[in-house]
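Student: Just one file: start-v9.cif, with mmCIF, C-alpha atoms and all ligand atoms.
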data_data
loop_
_atom_site.label_atom_id
_atom_site.label_comp_id
_atom_site.auth_asym_id
_atom_site.auth_seq_id
_atom_site.Cartn_x
_atom_site.Cartn_y
_atom_site.Cartn_z
CA MET A 1 -44.47 -38.48 -54.02
CA SER A 2 -41.52 -36.12 -54.24
CA TYR A 3 -40.68 -34.11 -57.32
CA GLN A 4 -37.73 -36.41 -58.01
CA ASP A 5 -40.06 -39.41 -58.23
CA THR A 6 -42.40 -37.87 -60.76
CA ASN A 7 -39.60 -36.27 -62.74
CA PRO A 8 -36.54 -38.50 -62.40
CA ARG A 9 -34.75 -36.76 -65.27
CA ASN A 10 -35.29 -33.32 -63.73
CA GLU A 11 -36.82 -32.28 -67.06
CA TRP A 12 -37.90 -28.73 -67.72
CA PRO A 13 -41.69 -28.50 -67.73
CA LEU A 14 -43.72 -28.21 -70.93
CA TRP A 15 -45.38 -24.89 -71.84
CA GLU A 16 -48.09 -24.24 -74.37
CA ILE A 17 -47.45 -21.15 -76.47
CA PHE A 18 -50.05 -18.70 -77.75
CA ILE A 19 -49.20 -15.88 -80.11
CA ARG A 20 -51.11 -12.88 -81.38
CA GLY A 21 -50.20 -11.99 -84.95
CA GLN A 22 -49.93 -8.54 -86.48
CA HIS A 23 -53.54 -8.11 -87.46
CA GLY A 24 -55.38 -7.73 -84.20
CA MET A 25 -56.59 -11.33 -84.01
CA SER A 26 -56.85 -13.31 -80.76
CA HIS A 27 -53.85 -15.18 -79.43
CA ARG A 28 -53.61 -18.52 -81.20
CA HIS A 29 -52.02 -21.76 -80.02
CA VAL A 30 -48.86 -22.34 -82.07
CA GLY A 31 -47.17 -25.22 -80.28
CA SER A 32 -45.27 -26.01 -77.13
CA LEU A 33 -41.76 -25.99 -75.72
CA HIS A 34 -39.75 -26.76 -72.60
CA ALA A 35 -38.48 -24.09 -70.22
CA PRO A 36 -37.58 -23.94 -66.51
CA ASP A 37 -40.01 -21.07 -65.81
CA ALA A 38 -42.47 -18.68 -67.43
CA GLU A 39 -39.90 -16.00 -68.10
CA MET A 40 -37.65 -18.41 -69.97
CA ALA A 41 -40.66 -19.90 -71.74
CA ILE A 42 -41.38 -16.46 -73.23
CA LYS A 43 -37.76 -16.02 -74.27
CA ASN A 44 -37.68 -19.46 -75.87
CA ALA A 45 -41.04 -18.89 -77.55
CA ARG A 46 -39.63 -15.77 -79.15
CA ASP A 47 -36.77 -17.81 -80.63
CA VAL A 48 -38.78 -20.85 -81.59
CA TYR A 49 -42.07 -19.37 -82.80
CA THR A 50 -41.47 -15.77 -83.93
CA ARG A 51 -38.38 -15.91 -86.11
CA ARG A 52 -40.28 -14.39 -89.04
CA ASN A 53 -42.44 -11.66 -87.54
CA GLU A 54 -45.21 -14.09 -86.68
CA GLY A 55 -46.32 -12.19 -83.60
CA VAL A 56 -46.60 -9.07 -81.49
CA SER A 57 -47.58 -10.73 -78.22
CA ILE A 58 -46.86 -14.06 -76.52
CA TRP A 59 -48.76 -15.96 -73.83
CA VAL A 60 -47.25 -19.01 -72.15
CA VAL A 61 -49.21 -21.49 -70.03
CA GLU A 62 -47.77 -24.48 -68.25
CA ALA A 63 -49.22 -27.49 -70.09
CA GLU A 64 -50.05 -29.21 -66.79
CA LYS A 65 -52.38 -26.37 -65.82
CA ILE A 66 -54.62 -26.76 -68.86
CA THR A 67 -57.87 -28.65 -68.44
CA ALA A 68 -59.18 -30.05 -71.70
CA SER A 69 -62.56 -31.50 -72.63
CA SER A 70 -62.46 -35.18 -73.36
CA PRO A 71 -63.00 -36.53 -76.89
CA SER A 72 -65.59 -39.03 -75.63
CA ASP A 73 -67.83 -36.12 -74.54
CA LYS A 74 -68.05 -34.90 -78.11
CA GLY A 75 -71.62 -36.13 -78.53
CA PRO A 76 -73.29 -34.69 -75.42
CA MET A 77 -71.22 -31.50 -75.66
CA TYR A 78 -71.76 -30.45 -79.24
CA GLU A 79 -74.67 -32.37 -80.71
CA PRO A 80 -77.41 -30.30 -79.00
CA SER A 81 -76.50 -27.26 -81.04
CA GLN A 82 -76.99 -29.14 -84.29
CA SER A 83 -80.78 -29.07 -83.90
CA LYS A 84 -80.89 -25.34 -83.24
CA VAL A 85 -80.61 -24.11 -86.79
CA TYR A 86 -82.61 -20.97 -85.91
CA ARG A 87 -79.44 -19.66 -84.29
CA HIS A 88 -78.14 -18.91 -87.76
CA PRO A 89 -79.38 -15.87 -89.70
CA THR A 90 -79.91 -17.95 -92.84
CA PHE A 91 -82.78 -19.78 -91.08
CA PHE A 92 -85.06 -16.79 -91.67
CA ASP A 93 -86.51 -15.98 -95.06
CA ILE A 94 -86.64 -12.24 -95.47
CA PRO A 95 -88.08 -10.98 -98.77
CA ASP A 96 -85.64 -9.19 -101.08
CA ASP A 97 -87.92 -6.15 -101.06
CA VAL A 98 -87.02 -5.49 -97.43
CA GLY A 99 -83.49 -4.60 -98.47
CA ALA A 100 -80.21 -5.34 -96.73
CA MET A 101 -80.57 -6.99 -93.33
CA MET B 1 -36.17 -39.77 -95.73
CA TYR B 2 -35.54 -37.97 -92.45
CA ALA B 3 -37.36 -41.00 -91.11
CA GLN B 4 -36.00 -43.99 -93.00
CA MET B 5 -37.05 -47.62 -92.73
CA VAL B 6 -39.55 -46.98 -89.97
CA LYS B 7 -41.05 -50.30 -88.92
CA SER B 8 -44.78 -50.21 -88.38
CA GLU B 9 -46.46 -52.16 -85.62
CA ASN B 10 -49.89 -53.53 -86.02
CA THR B 11 -50.94 -55.21 -82.83
CA ASP B 12 -54.61 -54.39 -82.53
CA SER B 13 -57.84 -55.60 -84.03
CA GLY B 14 -61.55 -55.28 -83.30
CA PRO B 15 -64.40 -52.82 -83.74
CA GLU B 16 -62.45 -49.89 -82.25
CA LEU B 17 -59.80 -50.40 -84.88
CA ASP B 18 -62.38 -50.37 -87.67
CA ALA B 19 -63.88 -47.14 -86.37
CA PHE B 20 -60.40 -45.65 -86.14
CA GLN B 21 -59.55 -46.64 -89.72
CA ALA B 22 -62.88 -45.21 -90.90
CA ARG B 23 -61.99 -41.85 -89.33
CA ILE B 24 -58.66 -41.83 -91.14
CA ASP B 25 -60.26 -42.85 -94.42
CA ALA B 26 -62.71 -39.98 -94.01
CA GLY B 27 -59.76 -37.60 -93.74
CA GLU B 28 -60.33 -36.79 -90.07
CA LYS B 29 -57.38 -35.79 -87.92
CA ILE B 30 -56.49 -37.94 -84.94
CA GLU B 31 -55.76 -35.83 -81.86
CA PRO B 32 -53.66 -36.70 -78.76
CA LYS B 33 -56.54 -37.62 -76.47
CA ASP B 34 -58.41 -39.69 -79.09
CA TRP B 35 -58.35 -43.47 -78.96
CA MET B 36 -55.67 -44.89 -81.21
CA PRO B 37 -54.24 -48.36 -81.76
CA ALA B 38 -51.05 -49.05 -79.81
CA GLY B 39 -49.29 -49.80 -83.08
CA TYR B 40 -50.23 -46.41 -84.55
CA ARG B 41 -48.89 -44.68 -81.45
CA LYS B 42 -45.66 -46.67 -81.41
CA THR B 43 -44.98 -46.25 -85.11
CA LEU B 44 -45.64 -42.52 -84.92
CA ILE B 45 -43.33 -42.07 -81.93
CA ARG B 46 -40.61 -43.85 -83.86
CA GLN B 47 -41.19 -41.89 -87.07
CA ILE B 48 -41.63 -38.42 -85.56
CA SER B 49 -38.66 -38.76 -83.24
CA GLN B 50 -36.42 -40.08 -85.99
CA HIS B 51 -37.44 -37.04 -87.97
CA ALA B 52 -36.74 -34.76 -84.97
CA HIS B 53 -33.35 -36.36 -84.33
CA SER B 54 -32.47 -35.80 -88.00
CA GLU B 55 -33.22 -32.09 -87.73
CA ILE B 56 -30.99 -31.83 -84.66
CA VAL B 57 -28.07 -33.94 -85.91
CA GLY B 58 -28.49 -32.24 -89.29
CA GLN B 59 -27.25 -29.02 -87.72
CA LEU B 60 -23.78 -30.50 -87.29
CA PRO B 61 -22.55 -30.81 -90.89
CA GLU B 62 -23.74 -27.28 -91.70
CA GLY B 63 -22.69 -25.83 -88.36
CA ASN B 64 -19.19 -26.89 -89.36
CA TRP B 65 -19.10 -23.98 -91.84
CA ILE B 66 -20.71 -21.18 -89.85
CA THR B 67 -17.38 -19.81 -88.67
CA ARG B 68 -15.86 -20.21 -92.12
CA ALA B 69 -18.59 -18.84 -94.36
CA PRO B 70 -17.02 -16.70 -97.10
CA THR B 71 -18.84 -13.45 -96.25
CA LEU B 72 -20.62 -11.97 -93.27
CA GLU B 73 -23.90 -12.13 -95.18
CA ARG B 74 -23.43 -15.82 -95.99
CA LYS B 75 -22.62 -16.44 -92.36
CA ALA B 76 -25.78 -14.69 -91.13
CA ILE B 77 -27.87 -16.66 -93.64
CA LEU B 78 -26.34 -20.01 -92.69
CA LEU B 79 -26.80 -19.22 -89.02
CA ALA B 80 -30.49 -18.52 -89.63
CA LYS B 81 -30.83 -21.74 -91.61
CA VAL B 82 -29.23 -23.86 -88.92
CA GLN B 83 -31.33 -22.12 -86.27
CA ASP B 84 -34.44 -23.07 -88.27
CA GLU B 85 -33.35 -26.71 -88.16
CA ALA B 86 -33.12 -26.50 -84.36
CA GLY B 87 -36.66 -25.14 -84.42
CA HIS B 88 -37.82 -28.01 -86.64
CA GLY B 89 -36.39 -30.47 -84.16
CA LEU B 90 -38.27 -28.76 -81.34
CA TYR B 91 -41.62 -28.67 -83.16
CA LEU B 92 -41.28 -32.37 -83.86
CA TYR B 93 -40.21 -33.40 -80.36
CA CYS B 94 -43.29 -31.61 -79.04
CA ALA B 95 -45.48 -33.47 -81.52
CA ALA B 96 -43.92 -36.76 -80.36
CA GLU B 97 -44.46 -35.79 -76.72
CA THR B 98 -48.21 -35.59 -77.25
CA LEU B 99 -48.04 -39.38 -77.72
CA GLY B 100 -46.81 -39.97 -74.19
CA VAL B 101 -43.00 -39.91 -74.31
CA SER B 102 -40.78 -37.19 -72.92
CA ARG B 103 -38.25 -35.27 -74.95
CA ASP B 104 -35.37 -36.18 -72.65
CA GLU B 105 -36.31 -39.84 -72.99
CA LEU B 106 -36.16 -39.52 -76.77
CA THR B 107 -32.85 -37.67 -76.54
CA GLU B 108 -31.39 -40.47 -74.43
CA MET B 109 -32.46 -43.00 -77.04
CA LEU B 110 -30.71 -40.99 -79.74
CA LEU B 111 -27.57 -40.62 -77.66
CA ASP B 112 -27.20 -44.29 -76.83
CA GLY B 113 -27.99 -45.38 -80.39
CA ARG B 114 -31.39 -46.97 -79.77
CA MET B 115 -32.98 -44.46 -82.13
CA LYS B 116 -31.77 -43.46 -85.58
CA TYR B 117 -31.51 -40.29 -87.60
CA SER B 118 -31.26 -39.86 -91.37
CA SER B 119 -28.28 -41.49 -93.09
CA ILE B 120 -27.51 -38.27 -94.98
CA PHE B 121 -26.06 -36.48 -91.96
CA ASN B 122 -23.25 -38.98 -91.66
CA TYR B 123 -21.42 -37.51 -94.63
CA PRO B 124 -18.78 -34.82 -94.14
CA THR B 125 -18.93 -31.21 -95.37
CA LEU B 126 -15.51 -30.81 -96.92
CA THR B 127 -15.88 -27.51 -98.79
CA TRP B 128 -18.15 -24.48 -98.82
CA ALA B 129 -19.83 -25.88 -101.93
CA ASP B 130 -21.11 -28.75 -99.78
CA ILE B 131 -23.24 -26.21 -97.91
CA GLY B 132 -24.77 -25.25 -101.25
CA ALA B 133 -25.29 -28.88 -102.20
CA ILE B 134 -26.94 -29.67 -98.87
CA GLY B 135 -29.44 -26.82 -99.10
CA TRP B 136 -30.23 -27.60 -102.72
CA LEU B 137 -30.29 -31.41 -102.61
CA VAL B 138 -30.81 -32.46 -99.00
CA ASP B 139 -33.38 -29.84 -98.08
CA GLY B 140 -34.85 -30.33 -101.55
CA ALA B 141 -35.31 -34.04 -100.91
CA ALA B 142 -36.68 -33.31 -97.45
CA ILE B 143 -39.29 -30.96 -98.94
CA MET B 144 -40.46 -33.71 -101.33
CA ASN B 145 -41.26 -35.84 -98.32
CA GLN B 146 -42.51 -33.16 -95.97
CA VAL B 147 -45.03 -31.41 -98.21
CA PRO B 148 -47.39 -34.42 -98.40
CA LEU B 149 -46.91 -35.05 -94.67
CA GLN B 150 -48.77 -31.80 -93.98
CA ARG B 151 -51.84 -33.95 -94.70
CA THR B 152 -50.86 -36.78 -92.38
CA SER B 153 -53.55 -38.20 -90.10
CA TYR B 154 -52.01 -37.23 -86.75
CA GLY B 155 -52.97 -33.62 -85.95
CA PRO B 156 -49.88 -32.45 -84.02
CA TYR B 157 -47.55 -34.01 -86.63
CA ALA B 158 -49.43 -32.41 -89.52
CA ARG B 159 -49.33 -29.00 -87.83
CA ALA B 160 -45.60 -29.28 -87.16
CA MET B 161 -45.11 -30.15 -90.83
CA VAL B 162 -47.00 -27.05 -91.92
CA ARG B 163 -44.64 -24.81 -89.96
CA ILE B 164 -41.61 -26.70 -91.21
CA CYS B 165 -42.63 -26.54 -94.86
CA LYS B 166 -43.09 -22.78 -94.64
CA GLU B 167 -39.44 -22.48 -93.65
CA GLU B 168 -37.88 -25.10 -95.89
CA SER B 169 -38.10 -23.30 -99.20
CA PHE B 170 -35.76 -20.63 -97.84
CA HIS B 171 -33.31 -23.45 -97.10
CA GLN B 172 -33.38 -24.88 -100.57
CA ARG B 173 -33.13 -21.50 -102.25
CA GLN B 174 -30.16 -20.40 -100.15
CA GLY B 175 -28.41 -23.63 -101.13
CA TYR B 176 -29.12 -23.19 -104.81
CA ASP B 177 -27.98 -19.57 -104.54
CA ILE B 178 -24.61 -20.78 -103.22
CA MET B 179 -24.39 -23.31 -106.06
CA MET B 180 -25.17 -20.64 -108.68
CA LYS B 181 -22.45 -18.39 -107.33
CA MET B 182 -19.92 -21.21 -107.35
CA ALA B 183 -20.96 -22.63 -110.72
CA GLN B 184 -20.65 -19.20 -112.33
CA GLY B 185 -17.37 -18.45 -110.56
CA SER B 186 -13.75 -19.31 -111.25
CA GLU B 187 -12.66 -22.68 -112.62
CA ALA B 188 -11.68 -23.75 -109.12
CA GLN B 189 -15.07 -22.77 -107.71
CA LYS B 190 -16.81 -24.60 -110.51
CA ARG B 191 -14.78 -27.72 -109.78
CA MET B 192 -15.75 -27.46 -106.13
CA ALA B 193 -19.44 -27.21 -107.04
CA GLN B 194 -19.18 -30.26 -109.32
CA ASP B 195 -17.32 -32.19 -106.63
CA ALA B 196 -20.03 -31.39 -104.08
CA LEU B 197 -22.72 -32.61 -106.47
CA ASN B 198 -20.70 -35.76 -107.15
CA ARG B 199 -20.48 -36.60 -103.46
CA TYR B 200 -24.01 -35.61 -102.44
CA TRP B 201 -26.04 -36.96 -105.36
CA TYR B 202 -26.34 -40.61 -104.36
CA PRO B 203 -26.57 -40.01 -100.61
CA SER B 204 -29.47 -37.64 -101.42
CA LEU B 205 -31.21 -40.37 -103.43
CA MET B 206 -30.72 -42.71 -100.47
CA MET B 207 -32.65 -40.31 -98.24
CA PHE B 208 -35.91 -41.70 -99.63
CA GLY B 209 -34.95 -45.20 -98.50
CA PRO B 210 -34.86 -48.41 -100.55
CA SER B 211 -37.78 -49.36 -102.73
CA ASP B 212 -40.76 -50.18 -100.54
CA LYS B 213 -43.10 -51.54 -103.17
CA GLU B 214 -43.43 -54.82 -101.33
CA SER B 215 -42.96 -53.59 -97.77
CA VAL B 216 -45.73 -54.49 -95.32
CA HIS B 217 -44.56 -51.67 -93.05
CA SER B 218 -45.12 -49.13 -95.78
CA ALA B 219 -48.55 -50.54 -96.60
CA GLN B 220 -49.59 -50.26 -92.95
CA SER B 221 -48.19 -46.75 -92.60
CA MET B 222 -49.94 -45.71 -95.78
CA SER B 223 -53.31 -46.95 -94.64
CA TRP B 224 -52.76 -45.00 -91.41
CA ARG B 225 -51.81 -41.98 -93.52
CA ILE B 226 -48.53 -41.44 -91.73
CA LYS B 227 -46.79 -42.18 -94.99
CA ILE B 228 -48.34 -40.67 -98.09
CA ASN B 229 -46.14 -41.67 -101.04
CA SER B 230 -43.92 -44.64 -101.80
CA ASN B 231 -40.16 -44.15 -101.59
CA ASP B 232 -39.77 -44.74 -105.33
CA GLU B 233 -42.45 -42.20 -106.21
CA LEU B 234 -40.76 -39.48 -104.18
CA ARG B 235 -37.30 -40.37 -105.47
CA GLN B 236 -38.54 -40.13 -109.07
CA LYS B 237 -40.14 -36.79 -108.37
CA PHE B 238 -36.91 -35.54 -106.84
CA VAL B 239 -34.80 -36.64 -109.82
CA ASP B 240 -37.26 -35.13 -112.31
CA GLN B 241 -37.15 -31.83 -110.51
CA THR B 242 -33.43 -31.72 -109.79
CA VAL B 243 -31.82 -32.74 -113.09
CA PRO B 244 -32.92 -29.59 -114.97
CA GLN B 245 -31.66 -27.51 -112.03
CA ALA B 246 -28.25 -29.16 -112.35
CA GLU B 247 -28.29 -28.46 -116.08
CA TYR B 248 -29.03 -24.81 -115.41
CA LEU B 249 -25.94 -24.70 -113.22
CA GLY B 250 -23.89 -26.28 -115.99
CA LEU B 251 -23.06 -29.20 -113.69
CA THR B 252 -23.17 -32.89 -114.53
CA VAL B 253 -25.19 -35.37 -112.49
CA PRO B 254 -22.76 -38.23 -111.78
CA ASP B 255 -24.84 -40.91 -113.48
CA GLU B 256 -23.97 -42.34 -116.90
CA ASN B 257 -27.38 -43.95 -117.20
CA LEU B 258 -29.33 -40.78 -116.62
CA ARG B 259 -31.65 -39.96 -119.50
CA LEU B 260 -35.09 -38.53 -120.07
CA ASP B 261 -37.57 -41.16 -121.17
CA PRO B 262 -39.61 -39.39 -123.86
CA GLU B 263 -42.48 -41.83 -123.43
CA THR B 264 -43.08 -41.23 -119.74
CA GLY B 265 -41.54 -37.77 -119.41
CA HIS B 266 -39.56 -39.08 -116.43
CA TYR B 267 -35.83 -39.52 -116.03
CA LYS B 268 -34.29 -42.97 -115.89
CA PHE B 269 -31.47 -43.07 -113.37
CA SER B 270 -29.13 -45.41 -111.50
CA GLU B 271 -30.01 -46.66 -108.05
CA PRO B 272 -27.64 -45.65 -105.26
CA ASP B 273 -25.45 -48.30 -103.65
CA TRP B 274 -27.81 -49.80 -101.08
CA THR B 275 -25.02 -51.69 -99.35
CA GLU B 276 -23.49 -48.34 -98.52
CA PHE B 277 -26.86 -47.12 -97.26
CA PHE B 278 -27.24 -50.02 -94.83
CA GLU B 279 -23.64 -49.62 -93.68
CA VAL B 280 -24.27 -45.94 -92.89
CA LEU B 281 -27.57 -46.74 -91.20
CA ASN B 282 -25.85 -49.34 -89.05
CA GLY B 283 -23.30 -46.86 -87.79
CA ASN B 284 -20.47 -47.35 -90.24
CA GLY B 285 -20.73 -44.19 -92.33
CA PRO B 286 -17.90 -41.67 -92.56
CA CYS B 287 -19.16 -39.46 -89.70
CA ASN B 288 -21.52 -41.59 -87.56
CA LYS B 289 -19.11 -41.74 -84.65
CA GLU B 290 -18.27 -38.05 -84.78
CA ARG B 291 -21.95 -37.02 -84.94
CA LEU B 292 -23.01 -39.10 -81.96
CA GLU B 293 -19.99 -37.99 -79.98
CA ALA B 294 -20.81 -34.34 -80.68
CA ARG B 295 -24.43 -34.83 -79.54
CA ASN B 296 -23.36 -36.70 -76.42
CA LYS B 297 -20.81 -34.05 -75.55
CA ALA B 298 -23.35 -31.25 -75.99
CA TRP B 299 -25.80 -33.12 -73.77
CA ASP B 300 -23.24 -33.85 -71.04
CA ASP B 301 -21.71 -30.38 -71.11
CA GLY B 302 -25.16 -28.81 -70.89
CA GLN B 303 -26.28 -30.86 -67.90
CA TRP B 304 -25.17 -28.32 -65.27
CA VAL B 305 -26.91 -25.52 -67.18
CA ARG B 306 -30.21 -27.40 -67.38
CA ASP B 307 -29.99 -28.37 -63.70
CA GLY B 308 -28.91 -24.90 -62.64
CA MET B 309 -31.77 -23.21 -64.41
CA MET B 310 -34.27 -25.65 -62.96
CA ALA B 311 -32.88 -25.08 -59.44
CA HIS B 312 -33.05 -21.32 -59.95
CA ALA B 313 -36.64 -21.52 -61.17
CA ARG B 314 -37.65 -23.58 -58.12
CA LYS B 315 -35.92 -21.21 -55.73
CA LYS B 316 -37.64 -18.23 -57.34
CA ALA B 317 -41.03 -19.94 -57.13
CA ALA B 318 -40.46 -20.84 -53.46
CA ARG B 319 -39.43 -17.28 -52.68
CA ALA B 320 -42.49 -15.86 -54.40
CA ALA B 321 -44.71 -18.29 -52.48
CA SER B 322 -43.25 -17.38 -49.07
CA ALA B 323 -43.45 -13.65 -49.87
CA LYS B 324 -47.14 -14.15 -50.53
CA VAL B 325 -47.61 -15.89 -47.19
CA VAL B 326 -45.85 -13.03 -45.38
CA ALA B 327 -48.01 -10.45 -47.17
CA GLU B 328 -51.17 -12.26 -46.13
FE FE A 401 -35.63 -28.94 -91.37
FE FE A 402 -33.29 -30.12 -93.06
FE FE A 403 -34.14 -27.42 -93.86
#
Would you mind writing the file out in structure tokens?
Tutor:
Amino acid sequence: MSYQDTNPRNEWPLWEIFIRGQHGMSHRHVGSLHAPDAEMAIKNARDVYTRRNEGVSIWVVEAEKITASSPSDKGPMYEPSQSKVYRHPTFFDIPDDVGAM
Amino acid sequence: MYAQMVKSENTDSGPELDAFQARIDAGEKIEPKDWMPAGYRKTLIRQISQHAHSEIVGQLPEGNWITRAPTLERKAILLAKVQDEAGHGLYLYCAAETLGVSRDELTEMLLDGRMKYSSIFNYPTLTWADIGAIGWLVDGAAIMNQVPLQRTSYGPYARAMVRICKEESFHQRQGYDIMMKMAQGSEAQKRMAQDALNRYWYPSLMMFGPSDKESVHSAQSMSWRIKINSNDELRQKFVDQTVPQAEYLGLTVPDENLRLDPETGHYKFSEPDWTEFFEVLNGNGPCNKERLEARNKAWDDGQWVRDGMMAHARKKAARAASAKVVAE
């Protein structure tokens, strides 16, 4: 299939936008937008998502290139960790006398 | 509201539907890849895009005054406000797109009249005081509706609403600030402020839509949590909040029947003219034609830019690809 068949309106592709805020946190997904290419996606992201000092760094990823886990896999993917409570520090009883740990 | 008279569609039934409703009742968010009833999807597309279209068309009445703002500071502020509205439109289109429609498709439906936008944007902005009245009343009414929607069941919609709400209170305050200046100004300015309130009061009340106490669409949307409050509830809240603000300005709300009911603590007020509302919704308001023409013109005039940039991007990508081949 040619590009014209899959995109009859010649629409700009969709980009997912990730922004790192002021405080040294990881980049966080903030939303998406349309742009012809990555360079323009960054410029548009600046206008759409950082009008009030929301960020110091922008990542853009073409939405098509993202592979996501499927909601129906929720059970097999995440349930196994529910039975492994010993992975949390609160599982272990340490006497107060031992001091901070 | 920005999405008025949205018809809900309930076409599904069965165990999947019950499980879906249980998730919503438990306060879970529905995400794009989750199973959802076709009716939920359709209704949401309609509601979110009507909201998005309203943000975009809503730039026109205010944009009308950008070049004529009374000071450079007012101009910069109004420009920032209108730019925010463009942003709101974009957040919402993206939320709608997660449901399987494309933004250009939605735009086409706006441009050929298949999709609606809020009735309020079909009224003209005749004086600078109208810009004040719009920020104060129109954005004020929008906030009433948008704040609860931050808790709506559809994840992308709720997240868009959170961003929007953060920005809206600037809009309302800048409007009220304009009204304060005018109301405390010369006699002529005061008259202008009163005139703006006179013209925008009832259209603002119409934004919430007609009473939906008995509407099956509203009941369905409420159980899906894509509508949180009834139209009457929100309208009452708006009146209760706004009347004291008008009093502070020394302006008179154009309603002879307006009075505080000491028993309930709520204001009693006159209903807007619903015949006018339906006329405006059906395309016969003072500016419907002008608004749609402006959007169509912007879309048509921008076609070569959109195409040109896409062609440039493809050429650049092809060049980069062949350079890579040569290097290898
Ligand atoms: Fe807005
Ligand atoms: Fe608005
Ligand atoms: Fe606004």
Student: Within 10 Å of chain A, which residues of chain B show up when using all atoms listed in the file, listed as a compact mmCIF listing (two decimals) with C-alpha atoms, in the frame of the given file?
Tutor:
# COMPACT_ATOMS: atom_id res chain seq x y z
CA GLU B 31 -55.76 -35.83 -81.86
CA PRO B 32 -53.66 -36.70 -78.76
CA LYS B 33 -56.54 -37.62 -76.47
CA ASP B 34 -58.41 -39.69 -79.09
CA TRP B 35 -58.35 -43.47 -78.96
CA ALA B 80 -30.49 -18.52 -89.63
CA GLN B 83 -31.33 -22.12 -86.27
CA ASP B 84 -34.44 -23.07 -88.27
CA ALA B 86 -33.12 -26.50 -84.36
CA GLY B 87 -36.66 -25.14 -84.42
CA HIS B 88 -37.82 -28.01 -86.64
CA LEU B 90 -38.27 -28.76 -81.34
CA TYR B 91 -41.62 -28.67 -83.16
CA LEU B 92 -41.28 -32.37 -83.86
CA TYR B 93 -40.21 -33.40 -80.36
CA CYS B 94 -43.29 -31.61 -79.04
CA ALA B 95 -45.48 -33.47 -81.52
CA GLU B 97 -44.46 -35.79 -76.72
CA SER B 102 -40.78 -37.19 -72.92
CA ARG B 103 -38.25 -35.27 -74.95
CA ASP B 104 -35.37 -36.18 -72.65
CA GLU B 105 -36.31 -39.84 -72.99
CA PRO B 156 -49.88 -32.45 -84.02
CA ARG B 159 -49.33 -29.00 -87.83
CA ALA B 160 -45.60 -29.28 -87.16
CA ARG B 163 -44.64 -24.81 -89.96
CA GLU B 167 -39.44 -22.48 -93.65
CA ARG B 306 -30.21 -27.40 -67.38
CA ASP B 307 -29.99 -28.37 -63.70
CA GLY B 308 -28.91 -24.90 -62.64
CA MET B 309 -31.77 -23.21 -64.41
CA MET B 310 -34.27 -25.65 -62.96
CA ALA B 311 -32.88 -25.08 -59.44
CA HIS B 312 -33.05 -21.32 -59.95
CA ALA B 313 -36.64 -21.52 -61.17
CA ARG B 314 -37.65 -23.58 -58.12
CA LYS B 316 -37.64 -18.23 -57.34
CA ALA B 317 -41.03 -19.94 -57.13
Student: If you take only C-alpha atoms and all ligand atoms and a cut-off of 8 Å, which residues of chain B touch ligand FE 403 (chain A), and what are their nearest atom pairs and distances in Å to one decimal, in chain and number order, as a Markdown table?
Tutor:
| residue | atom | partner | partner_atom | distance |
| --- | --- | --- | --- | --- |
| B:Glu55 | CA | A:FE403 | FE | 7.8 |
| B:Lys81 | CA | A:FE403 | FE | 6.9 |
| B:Val82 | CA | A:FE403 | FE | 7.8 |
| B:Asp84 | CA | A:FE403 | FE | 7.1 |
| B:Glu85 | CA | A:FE403 | FE | 5.8 |
| B:Gly135 | CA | A:FE403 | FE | 7.1 |
| B:Val138 | CA | A:FE403 | FE | 7.9 |
| B:Asp139 | CA | A:FE403 | FE | 4.9 |
| B:Ala142 | CA | A:FE403 | FE | 7.4 |
| B:Ile164 | CA | A:FE403 | FE | 8.0 |
| B:Glu167 | CA | A:FE403 | FE | 7.2 |
| B:Glu168 | CA | A:FE403 | FE | 4.8 |
| B:Ser169 | CA | A:FE403 | FE | 7.8 |
| B:His171 | CA | A:FE403 | FE | 5.2 |
| B:Gln172 | CA | A:FE403 | FE | 7.2 |
Student: Go ahead and write the residues just picked, C-alpha atoms, as a tab-separated table (two decimals), in the coordinates of the input.
Tutor:
chain	number	residue	atom	x	y	z
B	55	GLU	CA	-33.22	-32.09	-87.73
B	81	LYS	CA	-30.83	-21.74	-91.61
B	82	VAL	CA	-29.23	-23.86	-88.92
B	84	ASP	CA	-34.44	-23.07	-88.27
B	85	GLU	CA	-33.35	-26.71	-88.16
B	135	GLY	CA	-29.44	-26.82	-99.10
B	138	VAL	CA	-30.81	-32.46	-99.00
B	139	ASP	CA	-33.38	-29.84	-98.08
B	142	ALA	CA	-36.68	-33.31	-97.45
B	164	ILE	CA	-41.61	-26.70	-91.21
B	167	GLU	CA	-39.44	-22.48	-93.65
B	168	GLU	CA	-37.88	-25.10	-95.89
B	169	SER	CA	-38.10	-23.30	-99.20
B	171	HIS	CA	-33.31	-23.45	-97.10
B	172	GLN	CA	-33.38	-24.88	-100.57
Student: What is the distance, in Å and to one decimal place, between CA of Ile66 in chain B and CA of Gln241 in chain B?
Tutor: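 Answer for the CA of Ile66 in chain B to CA of Gln241 in chain B separation: 28.5 Å.
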Student: Excluding same-chain residues fewer than 5 positions from Pro286 in chain B, what lies within 12 Å of it counting all atoms listed in the file, as an MDAnalysis selection string?
Tutor: chainID B and resid 61 119:126 203 276:277 279:281 291
Student: Could you please determine the separation between CA of Gly132 in chain B and CA of Tyr176 in chain B in Å, to one decimal place?
Tutor: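 CA of Tyr176 in chain B lies at a distance of 6.0 Å from CA of Gly132 in chain B.
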Student: For a test of reading the model, state the distance in Å between CA of Phe20 in chain B and CA of Trp224 in chain B, rounded to one decimal.
Tutor: 9.3 Å
